[in-house]
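Structure file protein17.txt (compact mmCIF, C-alpha atoms) follows.
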# COMPACT_ATOMS: atom_id res chain seq x y z
CA MET A 1 -65.24 13.96 88.65
CA LYS A 2 -63.97 10.60 89.81
CA LYS A 3 -61.83 10.35 92.92
CA THR A 4 -59.14 7.84 93.82
CA ALA A 5 -59.32 5.92 97.09
CA LEU A 6 -56.66 8.29 98.49
CA ASN A 7 -58.40 11.56 97.59
CA SER A 8 -59.10 12.68 101.18
CA ILE A 9 -55.51 11.88 102.22
CA HIS A 10 -54.14 14.17 99.49
CA LYS A 11 -56.41 16.98 100.67
CA ASP A 12 -55.37 16.46 104.30
CA LEU A 13 -51.75 16.78 103.16
CA GLY A 14 -52.54 20.14 101.57
CA ALA A 15 -52.15 18.99 97.98
CA LYS A 16 -53.21 21.31 95.20
CA MET A 17 -55.96 19.33 93.44
CA VAL A 18 -56.79 19.66 89.74
CA PRO A 19 -59.08 17.92 87.24
CA TYR A 20 -57.07 15.40 85.19
CA ALA A 21 -58.44 12.72 82.84
CA GLY A 22 -61.81 12.83 84.56
CA PHE A 23 -60.30 12.53 88.05
CA GLU A 24 -59.54 15.00 90.82
CA MET A 25 -55.79 14.52 91.21
CA PRO A 26 -52.93 16.06 93.25
CA VAL A 27 -50.78 18.23 90.99
CA SER A 28 -48.33 19.31 93.75
CA TYR A 29 -47.73 19.30 97.51
CA ALA A 30 -44.49 21.10 98.47
CA GLY A 31 -43.82 22.42 94.95
CA VAL A 32 -42.72 20.84 91.68
CA ASN A 33 -38.97 21.52 91.98
CA GLU A 34 -38.65 20.18 95.52
CA GLU A 35 -40.76 17.11 94.72
CA HIS A 36 -38.83 16.46 91.49
CA GLN A 37 -35.42 16.60 93.18
CA ASN A 38 -36.60 14.41 96.02
CA VAL A 39 -37.45 11.63 93.55
CA ARG A 40 -34.05 12.01 91.87
CA GLU A 41 -32.18 11.93 95.22
CA ASN A 42 -34.36 9.99 97.69
CA LEU A 43 -37.85 8.63 97.00
CA GLY A 44 -41.32 9.88 96.32
CA VAL A 45 -44.80 8.39 96.08
CA PHE A 46 -47.29 9.16 93.32
CA ASP A 47 -50.96 8.18 93.46
CA VAL A 48 -51.58 7.07 89.89
CA SER A 49 -54.74 5.09 90.64
CA HIS A 50 -56.48 6.89 87.78
CA MET A 51 -54.72 4.56 85.32
CA GLY A 52 -56.82 1.83 83.68
CA GLU A 53 -56.39 -1.93 84.11
CA PHE A 54 -57.82 -4.61 81.80
CA LEU A 55 -57.53 -8.35 82.39
CA ILE A 56 -57.17 -10.41 79.20
CA SER A 57 -57.45 -14.13 79.84
CA GLY A 58 -58.30 -17.52 78.38
CA PRO A 59 -56.63 -19.66 75.70
CA ASN A 60 -56.85 -16.88 73.09
CA ALA A 61 -55.54 -14.04 75.30
CA LEU A 62 -52.15 -13.86 73.59
CA THR A 63 -53.71 -14.04 70.12
CA LEU A 64 -55.81 -10.96 70.88
CA ILE A 65 -52.90 -9.05 72.41
CA GLN A 66 -50.67 -9.83 69.42
CA LYS A 67 -53.35 -8.56 67.04
CA LEU A 68 -53.87 -5.31 68.98
CA THR A 69 -50.34 -4.28 70.02
CA THR A 70 -47.15 -3.38 68.16
CA ASN A 71 -44.62 -5.16 70.36
CA ASP A 72 -44.13 -8.93 70.32
CA ALA A 73 -45.95 -10.20 73.42
CA SER A 74 -44.98 -13.80 72.59
CA LYS A 75 -41.54 -12.95 74.01
CA LEU A 76 -43.06 -12.42 77.46
CA VAL A 77 -42.57 -15.01 80.19
CA ASP A 78 -44.36 -15.24 83.53
CA GLY A 79 -43.47 -12.27 85.73
CA LYS A 80 -42.33 -10.09 82.84
CA ALA A 81 -43.80 -6.75 81.67
CA GLN A 82 -43.56 -5.08 78.27
CA TYR A 83 -44.02 -1.54 76.96
CA SER A 84 -46.18 -1.45 73.83
CA CYS A 85 -48.90 0.51 72.05
CA LEU A 86 -52.29 0.02 70.44
CA THR A 87 -52.50 1.27 66.85
CA ASN A 88 -55.42 2.01 64.55
CA HIS A 89 -55.74 0.98 60.90
CA LYS A 90 -53.74 4.07 59.80
CA GLY A 91 -50.89 3.19 62.19
CA GLY A 92 -51.82 6.02 64.59
CA ILE A 93 -51.30 5.45 68.30
CA ILE A 94 -54.56 4.80 70.17
CA ASP A 95 -52.59 4.50 73.42
CA ASP A 96 -49.28 3.42 74.89
CA LEU A 97 -49.52 0.79 77.61
CA ILE A 98 -47.77 -1.86 79.68
CA ILE A 99 -48.57 -5.56 79.31
CA TYR A 100 -48.00 -7.90 82.29
CA ARG A 101 -47.88 -11.67 81.83
CA PHE A 102 -48.99 -13.75 84.84
CA ASN A 103 -49.19 -17.00 82.86
CA SER A 104 -49.91 -18.14 79.30
CA GLU A 105 -53.63 -17.47 79.77
CA LYS A 106 -53.64 -14.38 81.98
CA TYR A 107 -52.39 -10.88 81.10
CA LEU A 108 -52.93 -7.39 82.53
CA LEU A 109 -52.98 -4.32 80.28
CA VAL A 110 -52.34 -0.99 82.03
CA VAL A 111 -53.56 1.98 79.99
CA ASN A 112 -53.70 5.76 80.32
CA ALA A 113 -56.54 7.23 82.37
CA SER A 114 -57.79 9.53 79.62
CA ASN A 115 -58.06 6.59 77.21
CA ILE A 116 -59.80 3.94 79.34
CA GLU A 117 -63.16 4.04 77.55
CA LYS A 118 -61.63 4.44 74.08
CA ASP A 119 -59.16 1.58 74.64
CA TRP A 120 -61.82 -0.71 76.10
CA ASN A 121 -64.15 -0.14 73.15
CA TRP A 122 -61.33 -0.77 70.69
CA ILE A 123 -60.28 -4.00 72.40
CA ALA A 124 -63.88 -5.25 72.65
CA GLU A 125 -64.59 -4.35 69.02
CA ASN A 126 -61.53 -6.28 67.80
CA ASN A 127 -61.96 -9.28 70.10
CA THR A 128 -62.87 -11.65 67.28
CA VAL A 129 -61.05 -14.56 68.96
CA ASP A 130 -63.37 -14.64 72.01
CA ALA A 131 -60.72 -13.93 74.62
CA ASP A 132 -62.03 -13.13 78.11
CA ILE A 133 -61.73 -9.39 78.74
CA LYS A 134 -62.54 -7.58 81.96
CA ASP A 135 -62.19 -3.93 82.95
CA ILE A 136 -60.99 -3.84 86.57
CA SER A 137 -59.96 -0.14 86.55
CA ASN A 138 -62.46 0.86 89.23
CA GLU A 139 -61.36 -1.91 91.62
CA TYR A 140 -57.62 -1.23 91.80
CA SER A 141 -55.33 1.47 93.15
CA LEU A 142 -51.79 2.10 91.94
CA LEU A 143 -48.85 3.76 93.69
CA ALA A 144 -45.60 4.62 91.95
CA ILE A 145 -42.84 4.51 94.57
CA GLN A 146 -39.89 6.05 92.74
CA GLY A 147 -36.32 7.06 93.50
CA PRO A 148 -32.90 5.56 94.33
CA LYS A 149 -33.85 4.73 97.95
CA SER A 150 -37.05 2.81 97.00
CA ILE A 151 -35.65 -0.69 97.45
CA GLU A 152 -33.97 0.03 100.78
CA ALA A 153 -37.00 1.86 102.19
CA MET A 154 -39.71 -0.57 101.05
CA GLN A 155 -37.94 -3.85 101.81
CA ALA A 156 -39.31 -3.82 105.39
CA LEU A 157 -42.86 -4.12 104.00
CA THR A 158 -42.47 -7.36 102.04
CA PRO A 159 -40.80 -10.78 102.27
CA ILE A 160 -40.09 -10.55 98.52
CA ASP A 161 -36.48 -9.60 97.74
CA LEU A 162 -37.03 -6.26 96.00
CA SER A 163 -33.41 -6.01 94.85
CA ALA A 164 -33.91 -9.23 92.85
CA ILE A 165 -36.78 -7.81 90.74
CA LYS A 166 -35.16 -6.67 87.50
CA PHE A 167 -36.40 -3.72 85.44
CA TYR A 168 -39.73 -4.52 83.75
CA ASN A 169 -40.23 -7.63 85.87
CA PHE A 170 -42.77 -8.10 88.65
CA GLU A 171 -43.76 -10.32 91.56
CA VAL A 172 -47.14 -10.93 93.16
CA GLY A 173 -47.18 -11.35 96.93
CA GLU A 174 -47.45 -9.78 100.35
CA PHE A 175 -46.84 -6.07 100.81
CA ALA A 176 -47.69 -4.09 103.96
CA ASP A 177 -49.70 -7.13 105.18
CA ALA A 178 -51.90 -7.03 102.06
CA GLU A 179 -52.01 -10.17 99.90
CA ASN A 180 -51.74 -10.50 96.11
CA VAL A 181 -50.11 -7.11 95.58
CA ILE A 182 -48.41 -6.69 92.20
CA ILE A 183 -44.91 -5.27 92.79
CA SER A 184 -43.52 -4.12 89.46
CA ALA A 185 -40.04 -2.70 88.77
CA THR A 186 -41.45 -0.09 86.41
CA GLY A 187 -42.08 3.65 86.48
CA TYR A 188 -41.94 6.78 84.36
CA THR A 189 -39.30 8.81 86.20
CA GLY A 190 -35.93 7.35 85.21
CA SER A 191 -34.89 7.14 88.87
CA GLY A 192 -35.78 3.51 89.58
CA GLY A 193 -38.38 2.16 91.96
CA PHE A 194 -41.65 0.29 91.79
CA GLU A 195 -45.29 0.49 90.85
CA ILE A 196 -47.62 -1.45 93.15
CA TYR A 197 -51.19 -2.52 92.38
CA PHE A 198 -53.71 -3.46 95.06
CA LYS A 199 -57.44 -3.34 95.88
CA ASN A 200 -58.98 0.09 96.58
CA GLU A 201 -60.03 -0.83 100.10
CA GLU A 202 -56.38 -1.49 101.02
CA ALA A 203 -55.19 1.92 99.74
CA PRO A 204 -55.29 4.07 102.92
CA GLU A 205 -53.47 1.48 105.04
CA ILE A 206 -50.84 0.78 102.37
CA TRP A 207 -50.24 4.53 101.90
CA LYS A 208 -49.75 4.90 105.66
CA ARG A 209 -47.38 1.94 105.88
CA VAL A 210 -45.35 3.12 102.87
CA PHE A 211 -44.79 6.52 104.48
CA GLU A 212 -43.88 4.96 107.83
CA ALA A 213 -41.32 2.71 106.10
CA GLY A 214 -39.87 5.64 104.17
CA LYS A 215 -39.68 8.24 106.94
CA ASP A 216 -35.93 7.77 107.49
CA PHE A 217 -35.24 7.89 103.76
CA GLY A 218 -36.67 11.32 102.91
CA ILE A 219 -39.97 10.08 101.50
CA GLN A 220 -42.42 12.67 100.12
CA PRO A 221 -45.77 12.59 98.32
CA ILE A 222 -45.34 13.71 94.70
CA GLY A 223 -47.88 15.31 92.37
CA LEU A 224 -48.56 15.09 88.66
CA ALA A 225 -46.53 18.24 87.87
CA ALA A 226 -43.27 16.60 88.99
CA ARG A 227 -44.27 13.38 87.27
CA ASP A 228 -44.33 15.39 84.04
CA THR A 229 -40.95 17.10 84.55
CA LEU A 230 -39.35 13.77 85.54
CA ARG A 231 -40.63 11.93 82.46
CA LEU A 232 -39.71 14.80 80.15
CA GLU A 233 -36.11 14.84 81.41
CA MET A 234 -35.94 11.20 80.29
CA GLY A 235 -37.53 11.89 76.90
CA PHE A 236 -40.50 9.64 77.68
CA CYS A 237 -43.62 10.31 75.60
CA LEU A 238 -46.81 11.60 77.19
CA TYR A 239 -50.03 10.53 75.51
CA GLY A 240 -52.01 13.52 74.28
CA ASN A 241 -48.83 15.59 73.94
CA ASP A 242 -46.07 13.70 72.17
CA ILE A 243 -48.15 10.81 70.83
CA ASP A 244 -51.79 10.50 69.77
CA GLN A 245 -53.98 8.97 67.05
CA GLU A 246 -52.38 11.23 64.44
CA THR A 247 -48.81 10.16 65.25
CA THR A 248 -47.26 6.77 64.51
CA PRO A 249 -44.72 4.80 66.55
CA ILE A 250 -42.21 5.19 63.71
CA GLU A 251 -42.49 9.00 63.81
CA ALA A 252 -42.38 9.01 67.62
CA GLY A 253 -39.13 7.06 67.88
CA LEU A 254 -40.98 3.97 69.10
CA GLY A 255 -39.75 1.70 66.32
CA TRP A 256 -38.11 -0.38 69.06
CA ILE A 257 -41.57 -1.50 70.27
CA THR A 258 -42.88 -2.05 66.73
CA LYS A 259 -42.18 -5.62 65.60
CA PHE A 260 -42.97 -6.83 62.08
CA ASN A 261 -42.36 -10.52 62.76
CA LYS A 262 -46.11 -10.79 63.47
CA SER A 263 -49.34 -9.30 62.18
CA PHE A 264 -51.09 -6.48 64.05
CA ILE A 265 -53.61 -3.75 63.21
CA GLY A 266 -51.93 -1.06 61.11
CA ASP A 267 -48.75 -3.07 60.51
CA GLU A 268 -48.68 -2.68 56.72
CA VAL A 269 -48.91 1.13 56.95
CA LEU A 270 -46.12 1.21 59.54
CA LYS A 271 -43.91 -1.21 57.61
CA LYS A 272 -44.19 1.02 54.53
CA GLN A 273 -43.49 4.14 56.60
CA LYS A 274 -40.39 2.56 58.09
CA GLU A 275 -39.08 1.53 54.66
CA GLU A 276 -39.82 4.88 52.98
CA LYS A 277 -38.89 6.97 56.05
CA PRO A 278 -41.49 9.15 57.80
CA SER A 279 -41.92 12.79 56.74
CA ARG A 280 -41.43 13.99 60.34
CA LYS A 281 -39.76 12.80 63.52
CA LEU A 282 -40.07 13.44 67.26
CA ILE A 283 -36.94 15.19 68.51
CA GLY A 284 -35.63 16.57 71.79
CA PHE A 285 -34.13 20.02 72.14
CA VAL A 286 -32.42 22.25 74.71
CA LEU A 287 -32.76 26.04 74.69
CA SER A 288 -29.51 28.02 74.64
CA GLU A 289 -31.26 31.28 75.51
CA LYS A 290 -33.71 32.26 78.22
CA GLY A 291 -37.31 31.09 77.77
CA ILE A 292 -39.62 28.15 78.41
CA PRO A 293 -40.99 26.12 75.49
CA ARG A 294 -44.65 25.10 75.66
CA LYS A 295 -46.90 22.71 73.76
CA GLY A 296 -48.06 24.24 70.49
CA TYR A 297 -45.15 26.66 70.01
CA SER A 298 -43.67 26.69 66.50
CA ILE A 299 -40.23 25.26 65.76
CA ILE A 300 -38.43 27.23 63.06
CA ASP A 301 -35.13 26.85 61.24
CA GLU A 302 -32.36 29.46 61.13
CA GLN A 303 -33.92 31.03 58.04
CA GLY A 304 -37.18 31.62 59.92
CA GLU A 305 -39.17 28.87 58.15
CA GLU A 306 -41.58 26.83 60.26
CA ILE A 307 -40.39 23.22 60.37
CA GLY A 308 -42.37 21.73 63.25
CA VAL A 309 -44.18 22.13 66.54
CA VAL A 310 -43.38 21.69 70.24
CA THR A 311 -45.32 18.87 71.95
CA SER A 312 -43.83 19.11 75.49
CA GLY A 313 -41.60 21.63 77.22
CA THR A 314 -40.46 22.69 80.68
CA MET A 315 -37.64 24.11 82.77
CA SER A 316 -35.70 21.01 83.81
CA PRO A 317 -35.21 21.02 87.61
CA SER A 318 -32.27 18.57 87.42
CA THR A 319 -30.28 20.37 84.73
CA GLY A 320 -31.44 23.98 85.14
CA LYS A 321 -32.01 24.13 81.37
CA ALA A 322 -35.19 24.65 79.35
CA ILE A 323 -35.93 21.42 77.49
CA GLY A 324 -38.60 20.11 75.19
CA MET A 325 -39.77 17.67 72.55
CA GLY A 326 -41.54 18.19 69.28
CA TYR A 327 -42.03 17.01 65.72
CA VAL A 328 -39.91 18.44 62.90
CA LYS A 329 -39.56 17.60 59.22
CA LEU A 330 -37.21 14.65 58.85
CA GLU A 331 -34.50 16.62 57.02
CA HIS A 332 -34.17 18.90 60.06
CA ALA A 333 -34.14 16.14 62.70
CA LYS A 334 -30.40 15.50 62.99
CA GLU A 335 -28.86 15.75 66.45
CA GLY A 336 -26.89 18.99 66.88
CA THR A 337 -29.00 20.95 64.39
CA PRO A 338 -29.56 24.56 65.52
CA ILE A 339 -33.26 25.52 65.64
CA LYS A 340 -35.39 28.25 67.15
CA ILE A 341 -38.53 28.09 69.25
CA GLN A 342 -41.10 30.81 68.65
CA ILE A 343 -41.97 31.93 72.19
CA ARG A 344 -44.64 34.58 71.73
CA LYS A 345 -42.99 37.29 69.58
CA LYS A 346 -39.42 36.14 70.20
CA SER A 347 -37.42 33.45 68.38
CA VAL A 348 -35.33 31.67 71.01
CA ALA A 349 -32.24 29.67 70.00
CA ALA A 350 -32.13 25.93 70.72
CA GLU A 351 -30.32 22.81 69.60
CA ILE A 352 -31.68 19.37 68.74
CA THR A 353 -30.47 17.07 71.51
CA LYS A 354 -31.05 13.36 71.87
CA PRO A 355 -32.82 12.49 75.16
CA PRO A 356 -32.44 11.67 77.98
CA PHE A 357 -31.70 15.26 79.01
CA TYR A 358 -30.92 14.07 82.54
CA LYS A 359 -28.13 11.53 82.99
CA LYS A 360 -27.33 10.05 86.38
Would you encode the structure as structure tokens?
Amino acid sequence: MKKTALNSIHKDLGAKMVPYAGFEMPVSYAGVNEEHQNVRENLGVFDVSHMGEFLISGPNALTLIQKLTTNDASKLVDGKAQYSCLTNHKGGIIDDLIIYRFNSEKYLLVVNASNIEKDWNWIAENNTVDADIKDISNEYSLLAIQGPKSIEAMQALTPIDLSAIKFYNFEVGEFADAENVIISATGYTGSGGFEIYFKNEEAPEIWKRVFEAGKDFGIQPIGLAARDTLRLEMGFCLYGNDIDQETTPIEAGLGWITKFNKSFIGDEVLKKQKEEKPSRKLIGFVLSEKGIPRKGYSIIDEQGEEIGVVTSGTMSPSTGKAIGMGYVKLEHAKEGTPIKIQIRKKSVAAEITKPPFYKK
């Protein structure tokens, strides 16, 4: 198993370590509920250095990105990031990712850890325009510093005005005395904050400085378990659960990042699906009875007919309700529709609810 540059620090902090996407990663420290609430109320730090980073550069960089991804990367300007996805020839999602534009000939693609090799092979295979591509995943560490106190706590570490970095924008500069750190106003928690990218060798010192700067603001290390409950409360998709190569962006409610004003791999299939309407749709739901929905559980209608399947589910720490997401047949996907989740031998009542489940 691979280890991030902060592996020994997590162990010293007493983190529960688990295998995840080929890495040994911290799943929790103080406990998922406490960590979750701390991100919602204060700030927390996630080591997400297992994520993959690819540099796409040269005069044909944008041409390659436009061919591979569903969103319109030509709309990007320097210092702007964009959520997008890679699709195959059937319109299935190979991965969801973030694209960063440094300049017209330099972009960074940040991909999911479990998909690094698959994504890299796909990009290389379809690089018919001879763009320069480089996998720098093993050289960089990534911290997600999330929560409402992130700006106030981290401002002491950088001369860059953090409050001026708008959502899905980024700056490159000094942070905790390290140079050329990418400070990005992104994250997967719905509670604001930053994601910072830097060289592996700088990781221990930056971690230390981040926690020193945050000590008066209730800072805590946060594991992958709370990352999952936080993202699910917002209705954000998790690759391998809610989206994969068998699901399309149209089915997954990602039509907003699927632009047909350009040509990309799988676009004709997706255009047709959008026009004719997909046969199923990703929905959110809230249980009205006791129980916890889990991936793979059946979704049934009030007559007891199976109409779909749960892809993600948990007990929401912020709302105290059991929540989930799943695919159902399109005719059953309307908000407010009563459904049932088959939890072992019991059918538990629920209602289709449009995410986010947590609202500030």
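Between A:Asp267 and the residues A:Lys75, A:Glu179, A:Thr69, A:Asp242, the shortest atom-to-atom distance, using only C-alpha atoms, involves A:Thr69.
Nearest to A:Ile98 of all the residues A:Gly223, A:Gly52, A:Pro19, A:Gly255 is A:Gly52, counting only C-alpha atoms.
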Quiz prompt | For atom CA of A:Gly91 and atom CA of A:Pro249, the interatomic separation in Å (one decimal) | solution = 7.7 Å
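For the atom pair formed by atom CA of A:Ile265 and atom CA of A:Tyr168, the distance is 24.8 Å, given to one decimal.
Atom CA of A:Ser191 is positioned 18.3 Å from atom CA of A:Ile323.
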Practice problem: For A:Lys11, list every protein, DNA or RNA residue within 10 Å, evaluated using only C-alpha atoms, and leave out those in the same chain fewer than 5 positions away; present the list as a ChimeraX atom specification. | Solution: /A:6,16-17,25-26,29
Exercise. Within 8 Å of A:Glu302, counting only C-alpha atoms, which residues show up once you throw out same-chain ones fewer than 2 positions away? Write them as a PyMOL selection string, please.
Key: chain A and resi 300+304-305+338-340
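Among the candidates A:Lys354, A:Arg231, A:Lys3, A:Lys295, the one nearest to A:Tyr188 when counting only C-alpha atoms is A:Arg231.
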Near-A:Thr128 list (12 Å; all atoms listed in the file; drop same-chain fewer than 6 positions) as a PDB file with C-alpha atoms, in the coordinates of the input:
ATOM      1  CA  ASN A  60     -56.850 -16.880  73.090  1.00  0.00           C
ATOM      2  CA  ALA A  61     -55.540 -14.040  75.300  1.00  0.00           C
ATOM      3  CA  THR A  63     -53.710 -14.040  70.120  1.00  0.00           C
ATOM      4  CA  LEU A  64     -55.810 -10.960  70.880  1.00  0.00           C
ATOM      5  CA  ILE A  65     -52.900  -9.050  72.410  1.00  0.00           C
ATOM      6  CA  LYS A  67     -53.350  -8.560  67.040  1.00  0.00           C
ATOM      7  CA  LEU A  68     -53.870  -5.310  68.980  1.00  0.00           C
ATOM      8  CA  TRP A 122     -61.330  -0.770  70.690  1.00  0.00           C
TER       9      TRP A 122
END
Practice problem: Mind checking which residues fall within 9 Å of A:Arg209, counting all atoms listed in the file, ignoring those fewer than 5 positions away in the same chain, and posting them as an NGL selection string? | Solution: :A and (157 or 176 or 204 or 214)
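Excluding A:Asn33 itself and any same-chain residue fewer than 5 positions from it, the protein and nucleic acid residues within 10 Å of it, counting all atoms listed in the file, are Ser28, Asn38, Ala225, Ala226, Thr229, Met315, Ser316, Pro317 and Ser318 of chain A.
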Name the residues within 10 Å of (-43.2, -12.2, 80.4), counting all atoms listed in the file in the file's coordinates, and put them as a PDB file with C-alpha atoms, in the coordinates of the input.
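After the write, selection.pdb holds the following:
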ATOM      1  CA  ALA A  73     -45.950 -10.200  73.420  1.00  0.00           C
ATOM      2  CA  SER A  74     -44.980 -13.800  72.590  1.00  0.00           C
ATOM      3  CA  LYS A  75     -41.540 -12.950  74.010  1.00  0.00           C
ATOM      4  CA  LEU A  76     -43.060 -12.420  77.460  1.00  0.00           C
ATOM      5  CA  VAL A  77     -42.570 -15.010  80.190  1.00  0.00           C
ATOM      6  CA  ASP A  78     -44.360 -15.240  83.530  1.00  0.00           C
ATOM      7  CA  GLY A  79     -43.470 -12.270  85.730  1.00  0.00           C
ATOM      8  CA  LYS A  80     -42.330 -10.090  82.840  1.00  0.00           C
ATOM      9  CA  ALA A  81     -43.800  -6.750  81.670  1.00  0.00           C
ATOM     10  CA  GLN A  82     -43.560  -5.080  78.270  1.00  0.00           C
ATOM     11  CA  ILE A  99     -48.570  -5.560  79.310  1.00  0.00           C
ATOM     12  CA  TYR A 100     -48.000  -7.900  82.290  1.00  0.00           C
ATOM     13  CA  ARG A 101     -47.880 -11.670  81.830  1.00  0.00           C
ATOM     14  CA  PHE A 102     -48.990 -13.750  84.840  1.00  0.00           C
ATOM     15  CA  ASN A 103     -49.190 -17.000  82.860  1.00  0.00           C
ATOM     16  CA  SER A 104     -49.910 -18.140  79.300  1.00  0.00           C
ATOM     17  CA  TYR A 107     -52.390 -10.880  81.100  1.00  0.00           C
ATOM     18  CA  TYR A 168     -39.730  -4.520  83.750  1.00  0.00           C
ATOM     19  CA  ASN A 169     -40.230  -7.630  85.870  1.00  0.00           C
ATOM     20  CA  PHE A 170     -42.770  -8.100  88.650  1.00  0.00           C
TER      21      PHE A 170
END
